[in-house]
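Below is my_file_23.cif, holding mmCIF, C-alpha atoms and all ligand atoms.
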data_protein
#
loop_
_atom_site.group_PDB
_atom_site.id
_atom_site.type_symbol
_atom_site.label_atom_id
_atom_site.label_comp_id
_atom_site.auth_asym_id
_atom_site.auth_seq_id
_atom_site.Cartn_x
_atom_site.Cartn_y
_atom_site.Cartn_z
ATOM 1 C CA MET A 16 81.749 78.754 113.158
ATOM 2 C CA LEU A 17 80.314 81.849 111.454
ATOM 3 C CA GLN A 18 76.821 82.109 110.109
ATOM 4 C CA VAL A 19 75.657 85.251 108.361
ATOM 5 C CA ASN A 20 71.892 85.146 107.994
ATOM 6 C CA ASN A 21 69.947 87.436 105.675
ATOM 7 C CA ILE A 22 71.763 90.674 106.402
ATOM 8 C CA ASP A 23 70.981 94.024 104.813
ATOM 9 C CA VAL A 24 73.442 96.888 105.130
ATOM 10 C CA PHE A 25 72.879 100.477 104.051
ATOM 11 C CA TYR A 26 75.089 103.552 103.683
ATOM 12 C CA GLY A 27 72.420 106.242 104.019
ATOM 13 C CA ASN A 28 69.995 105.181 101.323
ATOM 14 C CA ILE A 29 72.525 103.096 99.366
ATOM 15 C CA HIS A 30 71.564 99.449 99.822
ATOM 16 C CA ALA A 31 75.066 97.894 99.846
ATOM 17 C CA LEU A 32 74.281 94.332 101.037
ATOM 18 C CA LYS A 33 71.006 92.717 100.076
ATOM 19 C CA ASP A 34 69.800 89.731 102.050
ATOM 20 C CA ILE A 35 73.256 88.166 102.295
ATOM 21 C CA SER A 36 73.706 84.746 103.861
ATOM 22 C CA LEU A 37 76.867 82.713 104.064
ATOM 23 C CA GLU A 38 78.668 80.390 106.400
ATOM 24 C CA VAL A 39 82.217 79.548 107.334
ATOM 25 C CA ASN A 40 83.000 76.251 109.048
ATOM 26 C CA GLU A 41 85.872 75.808 111.442
ATOM 27 C CA GLY A 42 89.127 74.999 109.625
ATOM 28 C CA GLU A 43 88.010 76.222 106.216
ATOM 29 C CA ILE A 44 89.297 78.856 103.843
ATOM 30 C CA VAL A 45 86.199 80.429 102.358
ATOM 31 C CA THR A 46 86.500 83.086 99.697
ATOM 32 C CA LEU A 47 84.105 85.780 98.610
ATOM 33 C CA ILE A 48 84.861 86.944 95.103
ATOM 34 C CA GLY A 49 83.365 89.829 93.199
ATOM 35 C CA ALA A 50 84.102 92.960 91.213
ATOM 36 C CA ASN A 51 84.874 96.451 92.473
ATOM 37 C CA GLY A 52 82.043 97.857 94.522
ATOM 38 C CA ALA A 53 80.147 94.550 94.816
ATOM 39 C CA GLY A 54 80.047 94.814 98.610
ATOM 40 C CA LYS A 55 82.930 92.595 99.718
ATOM 41 C CA SER A 56 84.567 95.083 102.095
ATOM 42 C CA THR A 57 81.156 96.051 103.439
ATOM 43 C CA LEU A 58 80.502 92.448 104.420
ATOM 44 C CA LEU A 59 83.818 92.105 106.278
ATOM 45 C CA LYS A 60 83.252 95.424 108.040
ATOM 46 C CA THR A 61 79.832 94.237 109.137
ATOM 47 C CA ILE A 62 81.220 90.976 110.525
ATOM 48 C CA SER A 63 83.959 92.777 112.450
ATOM 49 C CA GLY A 64 81.526 95.281 113.945
ATOM 50 C CA LEU A 65 82.512 98.412 112.020
ATOM 51 C CA LEU A 66 79.088 98.540 110.377
ATOM 52 C CA LYS A 67 75.716 97.555 111.715
ATOM 53 C CA PRO A 68 73.257 95.602 109.595
ATOM 54 C CA LYS A 69 69.734 96.956 109.348
ATOM 55 C CA HIS A 70 68.267 93.443 109.266
ATOM 56 C CA GLY A 71 69.594 89.964 109.791
ATOM 57 C CA HIS A 72 71.816 88.073 112.204
ATOM 58 C CA ILE A 73 75.448 87.095 112.479
ATOM 59 C CA LEU A 74 76.132 84.080 114.630
ATOM 60 C CA TYR A 75 79.763 83.472 115.633
ATOM 61 C CA LEU A 76 80.359 80.306 117.682
ATOM 62 C CA THR A 77 77.424 80.608 120.064
ATOM 63 C CA GLN A 78 77.151 84.399 120.102
ATOM 64 C CA GLN A 79 75.024 86.850 118.202
ATOM 65 C CA ILE A 80 77.549 89.521 117.100
ATOM 66 C CA ALA A 81 75.695 91.720 114.585
ATOM 67 C CA GLY A 82 75.993 95.338 115.667
ATOM 68 C CA LYS A 83 78.166 94.537 118.706
ATOM 69 C CA PRO A 84 81.183 96.812 119.415
ATOM 70 C CA ALA A 85 84.230 95.962 117.291
ATOM 71 C CA GLN A 86 86.561 95.595 120.259
ATOM 72 C CA GLY A 87 84.424 92.849 121.798
ATOM 73 C CA ILE A 88 84.350 91.040 118.456
ATOM 74 C CA VAL A 89 88.173 91.108 118.235
ATOM 75 C CA LYS A 90 88.335 89.779 121.788
ATOM 76 C CA SER A 91 86.052 86.906 120.909
ATOM 77 C CA GLY A 92 88.527 85.817 118.211
ATOM 78 C CA ILE A 93 87.827 87.607 114.928
ATOM 79 C CA SER A 94 90.654 89.696 113.393
ATOM 80 C CA HIS A 95 90.172 91.856 110.321
ATOM 81 C CA VAL A 96 92.986 92.822 107.933
ATOM 82 C CA PRO A 97 91.447 95.754 106.067
ATOM 83 C CA GLU A 98 91.895 96.625 102.427
ATOM 84 C CA GLY A 99 94.943 98.815 101.817
ATOM 85 C CA ARG A 100 96.790 97.346 104.845
ATOM 86 C CA ARG A 101 96.921 100.513 107.027
ATOM 87 C CA VAL A 102 100.012 99.832 109.065
ATOM 88 C CA PHE A 103 101.158 102.528 111.486
ATOM 89 C CA SER A 104 103.804 104.027 109.222
ATOM 90 C CA ASN A 105 105.724 105.982 111.861
ATOM 91 C CA MET A 106 106.222 102.900 113.971
ATOM 92 C CA SER A 107 108.654 100.053 113.467
ATOM 93 C CA VAL A 108 107.657 96.609 112.307
ATOM 94 C CA GLU A 109 108.014 95.250 115.824
ATOM 95 C CA GLU A 110 105.954 98.059 117.378
ATOM 96 C CA ASN A 111 103.176 97.341 114.893
ATOM 97 C CA LEU A 112 103.203 93.684 115.907
ATOM 98 C CA GLU A 113 103.105 94.610 119.594
ATOM 99 C CA LEU A 114 100.079 96.805 118.899
ATOM 100 C CA GLY A 115 98.320 93.798 117.415
ATOM 101 C CA ALA A 116 98.373 92.278 120.900
ATOM 102 C CA TYR A 117 96.905 95.362 122.604
ATOM 103 C CA LEU A 118 93.983 93.438 124.055
ATOM 104 C CA ARG A 119 96.258 90.848 125.620
ATOM 105 C CA ASN A 120 98.364 91.083 128.771
ATOM 106 C CA ASP A 121 100.338 87.829 128.662
ATOM 107 C CA ARG A 122 103.737 89.511 128.071
ATOM 108 C CA GLU A 123 105.838 86.342 127.806
ATOM 109 C CA GLN A 124 103.466 84.659 125.383
ATOM 110 C CA ILE A 125 103.298 87.853 123.297
ATOM 111 C CA LYS A 126 107.086 87.712 122.846
ATOM 112 C CA LYS A 127 106.844 84.107 121.699
ATOM 113 C CA ASP A 128 104.031 84.961 119.310
ATOM 114 C CA ILE A 129 106.101 87.763 117.774
ATOM 115 C CA GLN A 130 108.807 85.150 117.119
ATOM 116 C CA GLN A 131 106.207 82.935 115.479
ATOM 117 C CA VAL A 132 105.132 85.775 113.203
ATOM 118 C CA TYR A 133 108.796 86.252 112.240
ATOM 119 C CA GLU A 134 109.038 82.559 111.391
ATOM 120 C CA LEU A 135 105.999 82.869 109.170
ATOM 121 C CA PHE A 136 107.298 86.089 107.583
ATOM 122 C CA PRO A 137 111.146 86.051 107.535
ATOM 123 C CA ARG A 138 111.051 89.350 105.620
ATOM 124 C CA LEU A 139 109.592 91.032 108.687
ATOM 125 C CA ASP A 140 112.260 89.481 110.876
ATOM 126 C CA GLU A 141 114.946 91.134 108.736
ATOM 127 C CA ARG A 142 113.145 94.448 109.094
ATOM 128 C CA ARG A 143 112.155 94.488 112.777
ATOM 129 C CA LYS A 144 113.412 98.000 113.443
ATOM 130 C CA GLN A 145 112.480 99.499 110.082
ATOM 131 C CA LEU A 146 109.724 102.134 109.985
ATOM 132 C CA SER A 147 106.646 100.481 108.520
ATOM 133 C CA GLY A 148 105.959 103.346 106.129
ATOM 134 C CA THR A 149 109.177 102.513 104.290
ATOM 135 C CA LEU A 150 108.240 98.854 103.659
ATOM 136 C CA SER A 151 107.228 97.655 100.197
ATOM 137 C CA GLY A 152 103.533 96.980 99.531
ATOM 138 C CA GLY A 153 104.019 93.237 99.921
ATOM 139 C CA GLU A 154 105.894 93.670 103.198
ATOM 140 C CA GLN A 155 103.158 95.971 104.494
ATOM 141 C CA GLN A 156 100.597 93.303 103.634
ATOM 142 C CA MET A 157 102.679 90.768 105.554
ATOM 143 C CA LEU A 158 102.880 93.149 108.506
ATOM 144 C CA ALA A 159 99.137 93.795 108.483
ATOM 145 C CA MET A 160 98.545 90.037 108.517
ATOM 146 C CA GLY A 161 101.168 89.497 111.216
ATOM 147 C CA ARG A 162 99.601 92.208 113.340
ATOM 148 C CA ALA A 163 96.159 90.612 112.990
ATOM 149 C CA LEU A 164 97.623 87.227 113.987
ATOM 150 C CA MET A 165 99.006 88.774 117.178
ATOM 151 C CA ALA A 166 95.422 88.940 118.457
ATOM 152 C CA LYS A 167 95.381 85.108 118.237
ATOM 153 C CA PRO A 168 92.262 84.984 116.083
ATOM 154 C CA LYS A 169 90.182 81.895 115.523
ATOM 155 C CA LEU A 170 88.770 83.534 112.399
ATOM 156 C CA LEU A 171 90.856 85.791 110.155
ATOM 157 C CA LEU A 172 89.084 88.179 107.771
ATOM 158 C CA LEU A 173 91.330 89.200 104.878
ATOM 159 C CA ASP A 174 90.300 92.033 102.572
ATOM 160 C CA GLU A 175 92.030 91.818 99.182
ATOM 161 C CA PRO A 176 95.508 90.826 100.257
ATOM 162 C CA SER A 177 96.628 90.687 96.600
ATOM 163 C CA MET A 178 95.720 94.286 95.837
ATOM 164 C CA GLY A 179 98.437 96.160 93.962
ATOM 165 C CA LEU A 180 101.078 93.457 94.436
ATOM 166 C CA ALA A 181 103.323 91.769 91.859
ATOM 167 C CA PRO A 182 102.368 88.165 90.958
ATOM 168 C CA LEU A 183 105.351 86.640 92.756
ATOM 169 C CA ILE A 184 104.516 88.434 96.003
ATOM 170 C CA VAL A 185 100.833 87.495 95.648
ATOM 171 C CA LYS A 186 101.923 83.863 95.361
ATOM 172 C CA GLN A 187 103.959 84.169 98.588
ATOM 173 C CA ILE A 188 101.099 85.847 100.445
ATOM 174 C CA PHE A 189 98.703 83.089 99.397
ATOM 175 C CA GLU A 190 101.167 80.404 100.502
ATOM 176 C CA ILE A 191 101.274 82.073 103.902
ATOM 177 C CA ILE A 192 97.462 82.208 104.047
ATOM 178 C CA GLN A 193 97.467 78.440 103.530
ATOM 179 C CA MET A 194 100.099 77.965 106.257
ATOM 180 C CA VAL A 195 98.144 80.095 108.718
ATOM 181 C CA ASN A 196 95.076 78.016 107.938
ATOM 182 C CA GLN A 197 96.979 74.745 108.393
ATOM 183 C CA GLN A 198 98.129 75.996 111.789
ATOM 184 C CA GLY A 199 94.482 76.191 112.840
ATOM 185 C CA THR A 200 93.091 79.596 111.850
ATOM 186 C CA THR A 201 89.862 79.678 109.866
ATOM 187 C CA VAL A 202 89.951 82.210 107.008
ATOM 188 C CA LEU A 203 87.357 84.311 105.207
ATOM 189 C CA LEU A 204 89.144 85.824 102.213
ATOM 190 C CA VAL A 205 87.710 88.605 100.075
ATOM 191 C CA GLU A 206 89.307 88.906 96.641
ATOM 192 C CA GLN A 207 89.035 90.361 93.175
ATOM 193 C CA ASN A 208 91.777 87.956 92.115
ATOM 194 C CA ALA A 209 89.414 85.018 91.695
ATOM 195 C CA ASN A 210 92.081 82.762 90.207
ATOM 196 C CA MET A 211 94.334 82.917 93.246
ATOM 197 C CA ALA A 212 91.480 82.915 95.751
ATOM 198 C CA LEU A 213 89.839 79.808 94.264
ATOM 199 C CA SER A 214 93.190 78.043 94.139
ATOM 200 C CA VAL A 215 93.530 78.135 97.952
ATOM 201 C CA ALA A 216 89.891 78.071 99.100
ATOM 202 C CA ASP A 217 87.707 75.149 100.133
ATOM 203 C CA ARG A 218 84.458 76.913 99.269
ATOM 204 C CA ALA A 219 83.486 80.157 97.608
ATOM 205 C CA TYR A 220 80.701 82.682 97.162
ATOM 206 C CA VAL A 221 80.295 85.150 94.321
ATOM 207 C CA ILE A 222 78.847 88.564 95.138
ATOM 208 C CA GLU A 223 77.424 90.964 92.546
ATOM 209 C CA THR A 224 75.954 94.371 93.440
ATOM 210 C CA GLY A 225 75.305 93.397 97.029
ATOM 211 C CA LYS A 226 73.836 89.940 96.381
ATOM 212 C CA ILE A 227 75.263 86.431 96.540
ATOM 213 C CA VAL A 228 74.695 85.041 93.053
ATOM 214 C CA LEU A 229 76.622 81.760 93.205
ATOM 215 C CA SER A 230 78.207 79.482 95.766
ATOM 216 C CA GLY A 231 79.859 76.095 95.865
ATOM 217 C CA THR A 232 83.143 74.328 96.408
ATOM 218 C CA ALA A 233 86.125 76.224 95.023
ATOM 219 C CA LYS A 234 86.514 73.464 92.425
ATOM 220 C CA GLU A 235 82.903 73.804 91.272
ATOM 221 C CA LEU A 236 83.316 77.529 90.867
ATOM 222 C CA GLN A 237 86.619 77.149 89.016
ATOM 223 C CA GLU A 238 84.820 74.923 86.532
ATOM 224 C CA SER A 239 81.680 77.043 86.244
ATOM 225 C CA GLU A 240 81.294 78.623 82.791
ATOM 226 C CA GLU A 241 79.724 81.695 84.357
ATOM 227 C CA VAL A 242 82.638 82.215 86.738
ATOM 228 C CA LYS A 243 85.200 81.523 84.022
ATOM 229 C CA ALA A 244 83.643 84.113 81.734
ATOM 230 C CA ALA A 245 83.168 86.808 84.348
ATOM 231 C CA TYR A 246 86.037 86.329 86.784
ATOM 232 C CA LEU A 247 88.717 84.069 85.364
ATOM 233 C CA GLY A 248 89.491 86.051 82.227
ATOM 234 C CA GLY A 249 87.393 83.745 80.045
ATOM 235 C CA LEU A 250 89.994 80.955 80.309
HETATM 236 P P1 LIG B 1 86.216 97.347 96.424
HETATM 237 O O1 LIG B 1 87.056 96.194 96.189
HETATM 238 O O2 LIG B 1 86.242 98.344 95.342
HETATM 239 O O3 LIG B 1 86.352 97.944 97.801
HETATM 240 P P2 LIG B 1 83.892 96.033 97.421
HETATM 241 O O4 LIG B 1 83.270 94.848 96.782
HETATM 242 O O5 LIG B 1 84.683 95.815 98.635
HETATM 243 O O6 LIG B 1 84.736 96.785 96.345
HETATM 244 P P3 LIG B 1 82.390 97.897 98.986
HETATM 245 O O7 LIG B 1 83.552 98.761 99.318
HETATM 246 O O8 LIG B 1 81.879 96.983 100.016
HETATM 247 O O9 LIG B 1 82.713 97.044 97.689
HETATM 248 O O10 LIG B 1 81.214 98.808 98.452
HETATM 249 C C1 LIG B 1 79.894 98.355 98.190
HETATM 250 C C2 LIG B 1 79.002 99.506 97.774
HETATM 251 O O11 LIG B 1 78.821 100.400 98.869
HETATM 252 C C3 LIG B 1 79.565 100.359 96.644
HETATM 253 O O12 LIG B 1 78.494 100.729 95.825
HETATM 254 C C4 LIG B 1 80.171 101.541 97.352
HETATM 255 O O13 LIG B 1 80.145 102.678 96.531
HETATM 256 C C5 LIG B 1 79.256 101.712 98.544
HETATM 257 N N1 LIG B 1 79.994 102.273 99.693
HETATM 258 C C6 LIG B 1 81.088 101.741 100.290
HETATM 259 N N2 LIG B 1 81.493 102.505 101.332
HETATM 260 C C7 LIG B 1 80.632 103.534 101.398
HETATM 261 C C8 LIG B 1 80.503 104.665 102.262
HETATM 262 N N3 LIG B 1 81.321 104.872 103.287
HETATM 263 N N4 LIG B 1 79.495 105.523 102.002
HETATM 264 C C9 LIG B 1 78.620 105.322 100.991
HETATM 265 N N5 LIG B 1 78.679 104.272 100.145
HETATM 266 C C10 LIG B 1 79.657 103.394 100.335
#

Write out the structure in this file as structure tokens.
Amino acid sequence: MLQVNNIDVFYGNIHALKDISLEVNEGEIVTLIGANGAGKSTLLKTISGLLKPKHGHILYLTQQIAGKPAQGIVKSGISHVPEGRRVFSNMSVEENLELGAYLRNDREQIKKDIQQVYELFPRLDERRKQLSGTLSGGEQQMLAMGRALMAKPKLLLLDEPSMGLAPLIVKQIFEIIQMVNQQGTTVLLVEQNANMALSVADRAYVIETGKIVLSGTAKELQESEEVKAAYLGGL
């Protein structure tokens, strides 16, 4: 479904992604794990069109999308939930969800999809009219994911959904990621929390200072001594 081939991304003269290749097949949850500053967010931003690679190609379904405008990429079915959530804090939960459908004009279906998001996230249902800025961190993460789902993505890019959240909430968020996947959305999940990410993923890549250093099934990576020592707290 998505094939990233040999991309290089720079910020000025900082070489943030070095010859990165990876692929995501339809129906999978693929995770990219790595430390702070390894280049995870940069990769998602490049896929969703916020950054342009200097070299390399990104093939999504049958289209070449590298360097294409972000809005066209969303329209073709890729939604990005950025790090730090970024909900519109002065708007209600429901208004945020409506905004997620801004590229659509099927009013009746949008209403039904909002109901579906509420079924997936009952916490948001209870808080429909609440201003988003007053939600807890976990609820804001749920809202950011719900808003992305309102674009009806085929591929969902999630940037560190666990960041700053209590373990119980992280567990809930990851259960929802699995549900969304089971309902037919392919997921590329970027995480520092390798334990949680590997527990839900089919396959995984490890990125270090802009390079992919390991890849395999999630199970292989969970059992790898290198991954255990560096990312799973030496367990
Ligand atoms: P984190 O989880 O901390 O965001 P990350 O793996 O997502 O880490 P990136 O944010 O992709 O890492 O950053 C990769 C590298 O690019 C880092 O060295 C970072 O300092 C650099 N970088 C990121 N954004 C910019 C920017 N706007 N300008 C210059 N350098 C940047």

- Query: Which residue out of A:Gly161, A:Gly248, A:Gly225, A:Gly92 has the minimum interatomic distance to ligand LIG 1 (chain B) when only C-alpha atoms and all ligand atoms are used?
  - Reply: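 Ranked by minimum distance to ligand LIG 1 (chain B), first place goes to A:Gly225.
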
- From the list A:Glu43, A:Glu235, A:Glu38, A:Asp23, which residue is nearest ligand LIG 1 (chain B) when using all atoms listed in the file? A:Asp23

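Under the PyMOL selection byres (((chain A and resi 36) around 8) and not hetatm), the matching residues in the shown file are Gln18, Val19, Asn20, Asn21, Ile22, Asp34, Ile35, Leu37, Glu38 and Ile227 of chain A.
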
Keeping only C-alpha atoms, write the selected residues to a file as an mmCIF file, in the coordinates of the input.
data_model
loop_
_atom_site.group_PDB
_atom_site.id
_atom_site.type_symbol
_atom_site.label_atom_id
_atom_site.label_comp_id
_atom_site.auth_asym_id
_atom_site.auth_seq_id
_atom_site.Cartn_x
_atom_site.Cartn_y
_atom_site.Cartn_z
ATOM 1 C CA GLN A 18 76.821 82.109 110.109
ATOM 2 C CA VAL A 19 75.657 85.251 108.361
ATOM 3 C CA ASN A 20 71.892 85.146 107.994
ATOM 4 C CA ASN A 21 69.947 87.436 105.675
ATOM 5 C CA ILE A 22 71.763 90.674 106.402
ATOM 6 C CA ASP A 34 69.800 89.731 102.050
ATOM 7 C CA ILE A 35 73.256 88.166 102.295
ATOM 8 C CA LEU A 37 76.867 82.713 104.064
ATOM 9 C CA GLU A 38 78.668 80.390 106.400
ATOM 10 C CA ILE A 227 75.263 86.431 96.540
#

- For each of A:Met165, A:Ile222, A:Ile29, A:Met16, take the minimum atom-to-atom distance to Leu114 in chain A, counting only C-alpha atoms, then give the residue where this is smallest.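 Closest residue, counting only C-alpha atoms: A:Met165.
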
- Message: Show me, as a PyMOL selection string, the residues that have an atom within 12 Å of range 193-201 of chain A when counting all atoms listed in the file, minus same-chain residues fewer than 5 positions from it.
- Response: chain A and resi 16-17+38-46+92-94+131-132+134-136+160-161+163-164+166-173+186-188+211-212+214-217

Rows by chain and residue number, chain A within 7 Å of ligand LIG 1 (chain B), shortest pair, all atoms listed in the file, as a tab-separated table:
residue	atom	partner	partner_atom	distance
A:Tyr26	CA	B:LIG1	C9	4.8
A:Gly27	CA	B:LIG1	C9	7.0
A:Ile29	CA	B:LIG1	N5	6.3
A:Ala31	CA	B:LIG1	O11	4.6
A:Gly49	CA	B:LIG1	O4	6.2
A:Ala50	CA	B:LIG1	O4	5.9
A:Asn51	CA	B:LIG1	O2	3.7
A:Gly52	CA	B:LIG1	O9	3.3
A:Ala53	CA	B:LIG1	O4	3.7
A:Gly54	CA	B:LIG1	O8	3.2
A:Lys55	CA	B:LIG1	O4	3.7
A:Ser56	CA	B:LIG1	O5	3.5
A:Thr57	CA	B:LIG1	O8	3.6
A:Leu58	CA	B:LIG1	O8	6.5
A:Gln207	CA	B:LIG1	O1	6.9
A:Gly225	CA	B:LIG1	C1	6.9

- Selected residue of minimal separation from Glu206 in chain A among A:Val221, A:Leu118, A:Val242, A:Leu76, counting all atoms listed in the file: A:Val221

- Message: What does the structure give for the distance between CA of Ser107 in chain A and CA of Gln156 in chain A, in Å to one decimal?
- Response: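 CA of Gln156 in chain A lies at a distance of 14.4 Å from CA of Ser107 in chain A.
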
- Which residue of A:Leu204, A:Leu150, A:Lys67, A:Leu47 approaches Phe25 in chain A most closely, using all atoms listed in the file: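 Of all the options, A:Lys67 lies closest to Phe25 in chain A.
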
- Query: From the set A:Gln124, A:Leu247, A:Met178, A:Met106, which residue has the shortest atom-to-atom contact distance to Lys144 in chain A, counting only C-alpha atoms?
  - Reply: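 Of all the options, A:Met106 lies closest to Lys144 in chain A.
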
- Item | Gap from CA of Lys234 in chain A to CA of Ala219 in chain A - Å, one decimal |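 It comes out at 9.0 Å.
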
- Message: If I take CA of Leu59 in chain A and CA of Leu32 in chain A, how far is one from the other in Å, to one decimal?
- Response: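 Separation between CA of Leu59 in chain A and CA of Leu32 in chain A: 11.1 Å.
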